Amino acid sequence: MAKDEIGTDVSLGRITGRDVTEIVFRAYRNRDIFLGEMLIGECAEGRRRFILRVINIMHGSEASEAGWAPKTAGAFMDGDAREEEYHVYDADRRLYNHVVCAPLGYLLGEGDDAEFRSPKTIPTHFSRVRRASDRDYRFLERYLGDVKLGSLRSGEHVIPSVPVGIDSGVICQHMGVFATTGMGKSNLMKRMAGAIMESGKAGLLILDPHGEYIDGGKDGLKGLVHHPKAGTNLDIFVTREVAANASDIRISTSEIKVQDMQNLWQFSDPQVELLNAVWSRERDGWLDYLMDNDTQTIFQAFNEQFHEGSIGVVGRRAAVLASSPFVTRDGRISITKTIVEKLHQGKVVLVDLSGASEREELLISSVLARAVFQENSRLFRDKAAFKSIPPCLIALEEAQRVFERAQGGIFPQIAREGRKFKTGLCAISQQPKLIDTEVISQFNTLVILGLADRQDRERLAGSARQDISRLDYEIQTLMTGEGLVTGPNTPFALPLKVDLYETYLAGMAGKPERKRKSADKGFF
């Protein structure tokens with residue numbers, strides 16, 4: 001028989017039964033078959049090639065006697081004790097593996113012309129099952145995305161010839177990156193940022209609370225500044241001193257809204273009424289007004305309708321915002337306009353927030369996200385101008401914190417409305433169960449790495465564009481850097497092995513320059 005790339009026979013076994021939701025085959029006991037592996041069920045007449053994903057593997061035998069397996073194991077153990085070798089007669093035929101698969105679909109035709117169809121029928125009786133070849137994977141090229149993240153994975157085998165990524169055309173339809181700590185979320189985001197720096201097809205704003213993206217953060221790791229395109233396609237804004245070409249973060253008081261303040265503290269109903277009243281009167285100057293006037297002046301200005309205690313609380317909190325080194329009254333110093341311009345040029349903008357407090361981090365993130373959303377919303381009214389800008393993606397590390405505290409803020413609004421205005425969110429989290437169900441249902445693309453918590457996996461299974469409910473154990477057992485990609489353009493959950501960022505950079509050495517394509521084609 002022919003041999004495949006891992007040195008085993010291509011033929012793995014024969015299909016024995018089940019239905020359109022589950023296919024079972026008897027496999028040779030000496031074949032290595034792994035959970036999550038993609039296999040091919042070939043109909044005898046050759047009309048269809050069924051794509052099967054392994055979801056369970058069990059031992060099987062032809063023994064008719066009840067309890068034969070435990071008894072035989074006892075015979076082996078007795079032989080071990082006597083240092084005698086026990087043998088099962090005709091073991092290669094009588095013993096086998098029982099493999100359960102989820103049918104992903106089937107192919108009609110060959111090569112680039114192969115047509116993929118959903119699994120609405122089943123293979124013929126005793127169809128041969130084999131490993132998939134490059135020929136079988138060729139149909140995936142139209143689904144693999146142009147922002148490369150890594151290579152196709154089949155069980156434990158990586159197929160370098162089949163790159164897997166996400167589609168820049170749907171990047172603004174929101175995405176989630178979910179994994180337990182240590183499973184490779186940061187590496188994946190650096191790899192995605194690198195691909196966007198290469199292509200210029202999208203703008204990516206990364207809000208980094210930990211300071212790990214600039215230079216890698218640890219010995220031996222690389223950061224975005226090490227990318228060959230960093231000099232032209234990366235802009236960095238910081239809240240601390242860094243050994244890189246970066247600008248200081250400054251936002252204007254006129255860009256801060258009442259909702260931003262409400263996301264930073266809990267306010268009573270009278271205090272909220274006061275904030276709204278000041279906003280109605282002063283508009284963009286509302287925060288300056290609170291900082292410039294004492295409690296008694298405000299009390300008198302609003303005809304004594306607000307209690308002095310409420311005014312005092314609101315004024316003190318306004319003073320806390322004003323004292324931040326990242327807040328300025330001079331709108332000319334604000335970085336928001338510059339950041340939006342960079343995103344519209346298809347660049348990666350890294351905002352390092354590791355030198356800010358948690359309140360300052362949330363405030364800056366909200367102001368910047370709103371600036372992108374509002375400018376894209378404004379351009380939407382001018383069809384020509386809107387068509388000229390690329391999709392923009394705002395990446396939020398530890399997104400569960402943002403959505404927990406920003407119930408009425410800009411981020412839920414972007415989740416609901418942003419795709420219309422080419423403004424997407426990329427929620428990065430190790431606890432998707434803490435993100436509101438309505439919000440997470442808006443994420444059209446999911447990249448799922450290893451998740452140990454069952455509630456986290458169930459939350460994602462309920463919102464993924466493809467059915468991943470039967471992949472629960474596969475997700476639980478994913479190793480670092482292994483994952484699944486689901487999205488509006490993927491035919492099923494694509495198994496992925498993410499490129500190690502440092503290996504990706506090493507492979508770029510001497511890589512020829514690629515022509516930059518149109519940032520927006522076919523959005524309308």
# chains A, B, ... in the order shown; residues from 1 in each chain; ligands from 1
call {"tool": "residues_around", "arguments": {"residues": "A:Tyr473", "least_positions_apart": "5", "cutoff": "9 Å", "atoms": "only C-alpha atoms", "output": "PyMOL selection string"}}
result
chain A and resi 35+55-56+478
call {"tool": "write_last_selection", "arguments": {"atoms": "N, CA and C atoms", "output": "PDB file, in the first residue's frame"}}
result
ATOM      1  N   LEU A  35      -7.500  12.168  18.123  1.00  0.00           N
ATOM      2  CA  LEU A  35      -8.662  13.013  18.297  1.00  0.00           C
ATOM      3  C   LEU A  35      -8.494  14.298  17.485  1.00  0.00           C
ATOM      4  N   ILE A  55     -13.881  12.213  16.653  1.00  0.00           N
ATOM      5  CA  ILE A  55     -14.343  12.778  17.923  1.00  0.00           C
ATOM      6  C   ILE A  55     -14.251  11.782  19.074  1.00  0.00           C
ATOM      7  N   ASN A  56     -13.968  10.520  18.768  1.00  0.00           N
ATOM      8  CA  ASN A  56     -13.772   9.548  19.847  1.00  0.00           C
ATOM      9  C   ASN A  56     -13.103   8.297  19.279  1.00  0.00           C
ATOM     10  N   LEU A 478      -6.504  20.524  23.568  1.00  0.00           N
ATOM     11  CA  LEU A 478      -5.594  21.238  22.679  1.00  0.00           C
ATOM     12  C   LEU A 478      -4.308  21.612  23.407  1.00  0.00           C
TER      13      LEU A 478
END
call {"tool": "select_by_dssp", "arguments": {"residues": "stretch 139-206 of chain A", "states": "strand (DSSP E)", "output": "ChimeraX atom specification"}}
result
/A:147-154,157-166,175-178,203-206
call {"tool": "write_last_selection", "arguments": {"atoms": "N, CA and C atoms", "output": "tab-separated table (two decimals), in the first residue's frame"}}
result
chain	number	residue	atom	x	y	z
A	147	VAL	N	-5.36	36.78	6.05
A	147	VAL	CA	-4.54	37.20	7.19
A	147	VAL	C	-4.09	35.91	7.87
A	148	LYS	N	-2.93	35.42	7.48
A	148	LYS	CA	-2.49	34.10	7.91
A	148	LYS	C	-2.13	34.08	9.39
A	149	LEU	N	-2.55	33.01	10.06
A	149	LEU	CA	-2.22	32.79	11.47
A	149	LEU	C	-1.32	31.58	11.67
A	150	GLY	N	-1.40	30.62	10.77
A	150	GLY	CA	-0.61	29.40	10.93
A	150	GLY	C	-0.92	28.41	9.83
A	151	SER	N	-0.89	27.13	10.19
A	151	SER	CA	-1.11	26.06	9.20
A	151	SER	C	-2.24	25.16	9.65
A	152	LEU	N	-2.83	24.47	8.68
A	152	LEU	CA	-3.87	23.51	8.98
A	152	LEU	C	-3.30	22.39	9.84
A	153	ARG	N	-4.11	21.93	10.75
A	153	ARG	CA	-3.71	20.85	11.65
A	153	ARG	C	-4.74	19.73	11.54
A	154	SER	N	-4.27	18.51	11.56
A	154	SER	CA	-5.16	17.35	11.56
A	154	SER	C	-4.72	16.45	12.71
A	157	HIS	N	-0.96	16.19	13.55
A	157	HIS	CA	-0.15	16.41	12.36
A	157	HIS	C	-0.40	17.80	11.79
A	158	VAL	N	0.66	18.53	11.51
A	158	VAL	CA	0.57	19.86	10.92
A	158	VAL	C	0.79	19.74	9.42
A	159	ILE	N	-0.05	20.45	8.64
A	159	ILE	CA	0.07	20.41	7.18
A	159	ILE	C	0.57	21.78	6.72
A	160	PRO	N	1.89	21.97	6.63
A	160	PRO	CA	2.45	23.30	6.31
A	160	PRO	C	2.00	23.83	4.95
A	161	SER	N	1.63	22.96	4.05
A	161	SER	CA	1.25	23.40	2.70
A	161	SER	C	-0.13	24.06	2.66
A	162	VAL	N	-0.86	24.01	3.77
A	162	VAL	CA	-2.20	24.59	3.81
A	162	VAL	C	-2.24	25.68	4.88
A	163	PRO	N	-2.05	26.94	4.50
A	163	PRO	CA	-2.09	28.03	5.49
A	163	PRO	C	-3.52	28.30	5.94
A	164	VAL	N	-3.68	28.69	7.20
A	164	VAL	CA	-4.99	28.99	7.75
A	164	VAL	C	-4.95	30.38	8.38
A	165	GLY	N	-5.98	31.15	8.14
A	165	GLY	CA	-6.05	32.48	8.73
A	165	GLY	C	-7.47	32.96	8.79
A	166	ILE	N	-7.62	34.28	8.83
A	166	ILE	CA	-8.93	34.90	8.85
A	166	ILE	C	-9.04	35.83	7.64
A	175	MET	N	-14.48	39.52	16.28
A	175	MET	CA	-13.88	38.20	16.49
A	175	MET	C	-13.51	38.05	17.96
A	176	GLY	N	-13.39	36.81	18.38
A	176	GLY	CA	-12.96	36.51	19.74
A	176	GLY	C	-11.80	35.56	19.72
A	177	VAL	N	-10.84	35.79	20.60
A	177	VAL	CA	-9.70	34.90	20.79
A	177	VAL	C	-9.77	34.41	22.23
A	178	PHE	N	-10.02	33.11	22.41
A	178	PHE	CA	-10.30	32.59	23.74
A	178	PHE	C	-9.38	31.42	24.06
A	203	GLY	N	-6.83	47.95	9.40
A	203	GLY	CA	-6.20	48.68	10.49
A	203	GLY	C	-6.43	47.93	11.78
A	204	LEU	N	-5.39	47.77	12.60
A	204	LEU	CA	-5.49	47.02	13.84
A	204	LEU	C	-5.04	47.89	15.00
A	205	LEU	N	-5.93	48.14	15.94
A	205	LEU	CA	-5.62	48.87	17.16
A	205	LEU	C	-5.54	47.88	18.31
A	206	ILE	N	-4.35	47.72	18.89
A	206	ILE	CA	-4.15	46.79	20.00
A	206	ILE	C	-4.05	47.59	21.29
call {"tool": "select_by_dssp", "arguments": {"residues": "stretch 350-447 of chain A", "states": "helix (DSSP H, G or I)", "output": "MDAnalysis selection string"}}
result
chainID A and resid 358:380 383:388 399:405 410:421 432:434 437:440
call {"tool": "residues_around", "arguments": {"residues": "A:Lys222", "least_positions_apart": "4", "cutoff": "10 Å", "atoms": "only C-alpha atoms", "output": "list in words"}}
result
Asn187, Lys190, Glu212, Tyr213, Ile214, Asp215, Gly216, Gly217, Lys218, His226, His227, Tyr501, Glu502, Thr503 and Leu505 of chain A
call {"tool": "residues_around", "arguments": {"residues": "A:Gly309", "least_positions_apart": "3", "cutoff": "10 Å", "atoms": "only C-alpha atoms", "output": "list of chain:residue names"}}
result
A:Gln271, A:Thr295, A:Phe299, A:Phe306, A:Gly312, A:Val313, A:Val314, A:Gly315
call {"tool": "write_last_selection", "arguments": {"atoms": "N, CA and C atoms", "output": "PDB file, in the first residue's frame"}}
result
ATOM      1  N   GLN A 271     -26.700  61.593  41.366  1.00  0.00           N
ATOM      2  CA  GLN A 271     -25.395  61.955  40.796  1.00  0.00           C
ATOM      3  C   GLN A 271     -25.407  61.811  39.274  1.00  0.00           C
ATOM      4  N   THR A 295     -18.108  73.368  44.719  1.00  0.00           N
ATOM      5  CA  THR A 295     -19.428  72.811  45.009  1.00  0.00           C
ATOM      6  C   THR A 295     -20.495  73.886  45.110  1.00  0.00           C
ATOM      7  N   PHE A 299     -23.811  74.396  42.848  1.00  0.00           N
ATOM      8  CA  PHE A 299     -25.082  74.332  43.576  1.00  0.00           C
ATOM      9  C   PHE A 299     -25.982  75.497  43.195  1.00  0.00           C
ATOM     10  N   PHE A 306     -29.695  70.145  43.058  1.00  0.00           N
ATOM     11  CA  PHE A 306     -28.868  68.980  43.390  1.00  0.00           C
ATOM     12  C   PHE A 306     -28.251  69.163  44.763  1.00  0.00           C
ATOM     13  N   GLY A 312     -20.359  67.333  45.471  1.00  0.00           N
ATOM     14  CA  GLY A 312     -19.005  67.113  45.972  1.00  0.00           C
ATOM     15  C   GLY A 312     -18.391  65.821  45.474  1.00  0.00           C
ATOM     16  N   VAL A 313     -19.197  64.729  45.470  1.00  0.00           N
ATOM     17  CA  VAL A 313     -18.696  63.432  44.996  1.00  0.00           C
ATOM     18  C   VAL A 313     -18.313  63.517  43.527  1.00  0.00           C
ATOM     19  N   VAL A 314     -19.211  64.083  42.717  1.00  0.00           N
ATOM     20  CA  VAL A 314     -18.950  64.190  41.283  1.00  0.00           C
ATOM     21  C   VAL A 314     -17.731  65.072  41.030  1.00  0.00           C
ATOM     22  N   GLY A 315     -17.603  66.169  41.754  1.00  0.00           N
ATOM     23  CA  GLY A 315     -16.468  67.070  41.566  1.00  0.00           C
ATOM     24  C   GLY A 315     -15.150  66.420  41.913  1.00  0.00           C
TER      25      GLY A 315
END
call {"tool": "closest_atom_pairs", "arguments": {"of": "stretch 221-323 of chain A", "to": "stretch 367-388 of chain A", "cutoff": "12 Å", "atoms": "only C-alpha atoms", "output": "JSON lines"}}
result
{"residue": "A:Phe237", "atom": "CA", "partner": "A:Leu368", "partner_atom": "CA", "distance": 11.7}
{"residue": "A:Ile249", "atom": "CA", "partner": "A:Leu368", "partner_atom": "CA", "distance": 10.6}
{"residue": "A:Arg250", "atom": "CA", "partner": "A:Leu368", "partner_atom": "CA", "distance": 10.6}
{"residue": "A:Ile251", "atom": "CA", "partner": "A:Val367", "partner_atom": "CA", "distance": 7.7}
{"residue": "A:Ser252", "atom": "CA", "partner": "A:Val367", "partner_atom": "CA", "distance": 9.2}
{"residue": "A:Thr253", "atom": "CA", "partner": "A:Val367", "partner_atom": "CA", "distance": 10.0}
{"residue": "A:Ser254", "atom": "CA", "partner": "A:Val367", "partner_atom": "CA", "distance": 10.2}
{"residue": "A:Glu255", "atom": "CA", "partner": "A:Val367", "partner_atom": "CA", "distance": 6.5}
{"residue": "A:Ile256", "atom": "CA", "partner": "A:Val367", "partner_atom": "CA", "distance": 6.4}
{"residue": "A:Lys257", "atom": "CA", "partner": "A:Val367", "partner_atom": "CA", "distance": 8.2}
{"residue": "A:Val258", "atom": "CA", "partner": "A:Val367", "partner_atom": "CA", "distance": 11.3}
{"residue": "A:Gln259", "atom": "CA", "partner": "A:Val367", "partner_atom": "CA", "distance": 10.4}
{"residue": "A:Asp260", "atom": "CA", "partner": "A:Val367", "partner_atom": "CA", "distance": 7.8}
{"residue": "A:Met261", "atom": "CA", "partner": "A:Val367", "partner_atom": "CA", "distance": 11.0}
{"residue": "A:Asn263", "atom": "CA", "partner": "A:Val367", "partner_atom": "CA", "distance": 11.9}
call {"tool": "atom_distance", "arguments": {"atom1": "atom CA of A:Ile57", "atom2": "atom CA of A:Pro103"}}
result
15.1 Å
call {"tool": "closest_atom_pairs", "arguments": {"of": "stretch 181-291 of chain A", "to": "stretch 429-446 of chain A", "cutoff": "10 Å", "atoms": "only C-alpha atoms", "output": "tab-separated table"}}
result
residue	atom	partner	partner_atom	distance
A:Thr181	CA	A:Gln430	CA	6.2
A:Gly182	CA	A:Gln430	CA	9.6
A:Met183	CA	A:Gln430	CA	9.5
A:Lys185	CA	A:Ser429	CA	8.4
call {"tool": "write_last_selection", "arguments": {"atoms": "C-alpha atoms", "output": "compact mmCIF listing (two decimals), in the first residue's frame"}}
result
# COMPACT_ATOMS: atom_id res chain seq x y z
CA THR A 181 -3.69 31.31 30.34
CA GLY A 182 -0.51 30.02 28.71
CA MET A 183 -2.15 28.51 25.63
CA LYS A 185 -3.21 34.06 22.93
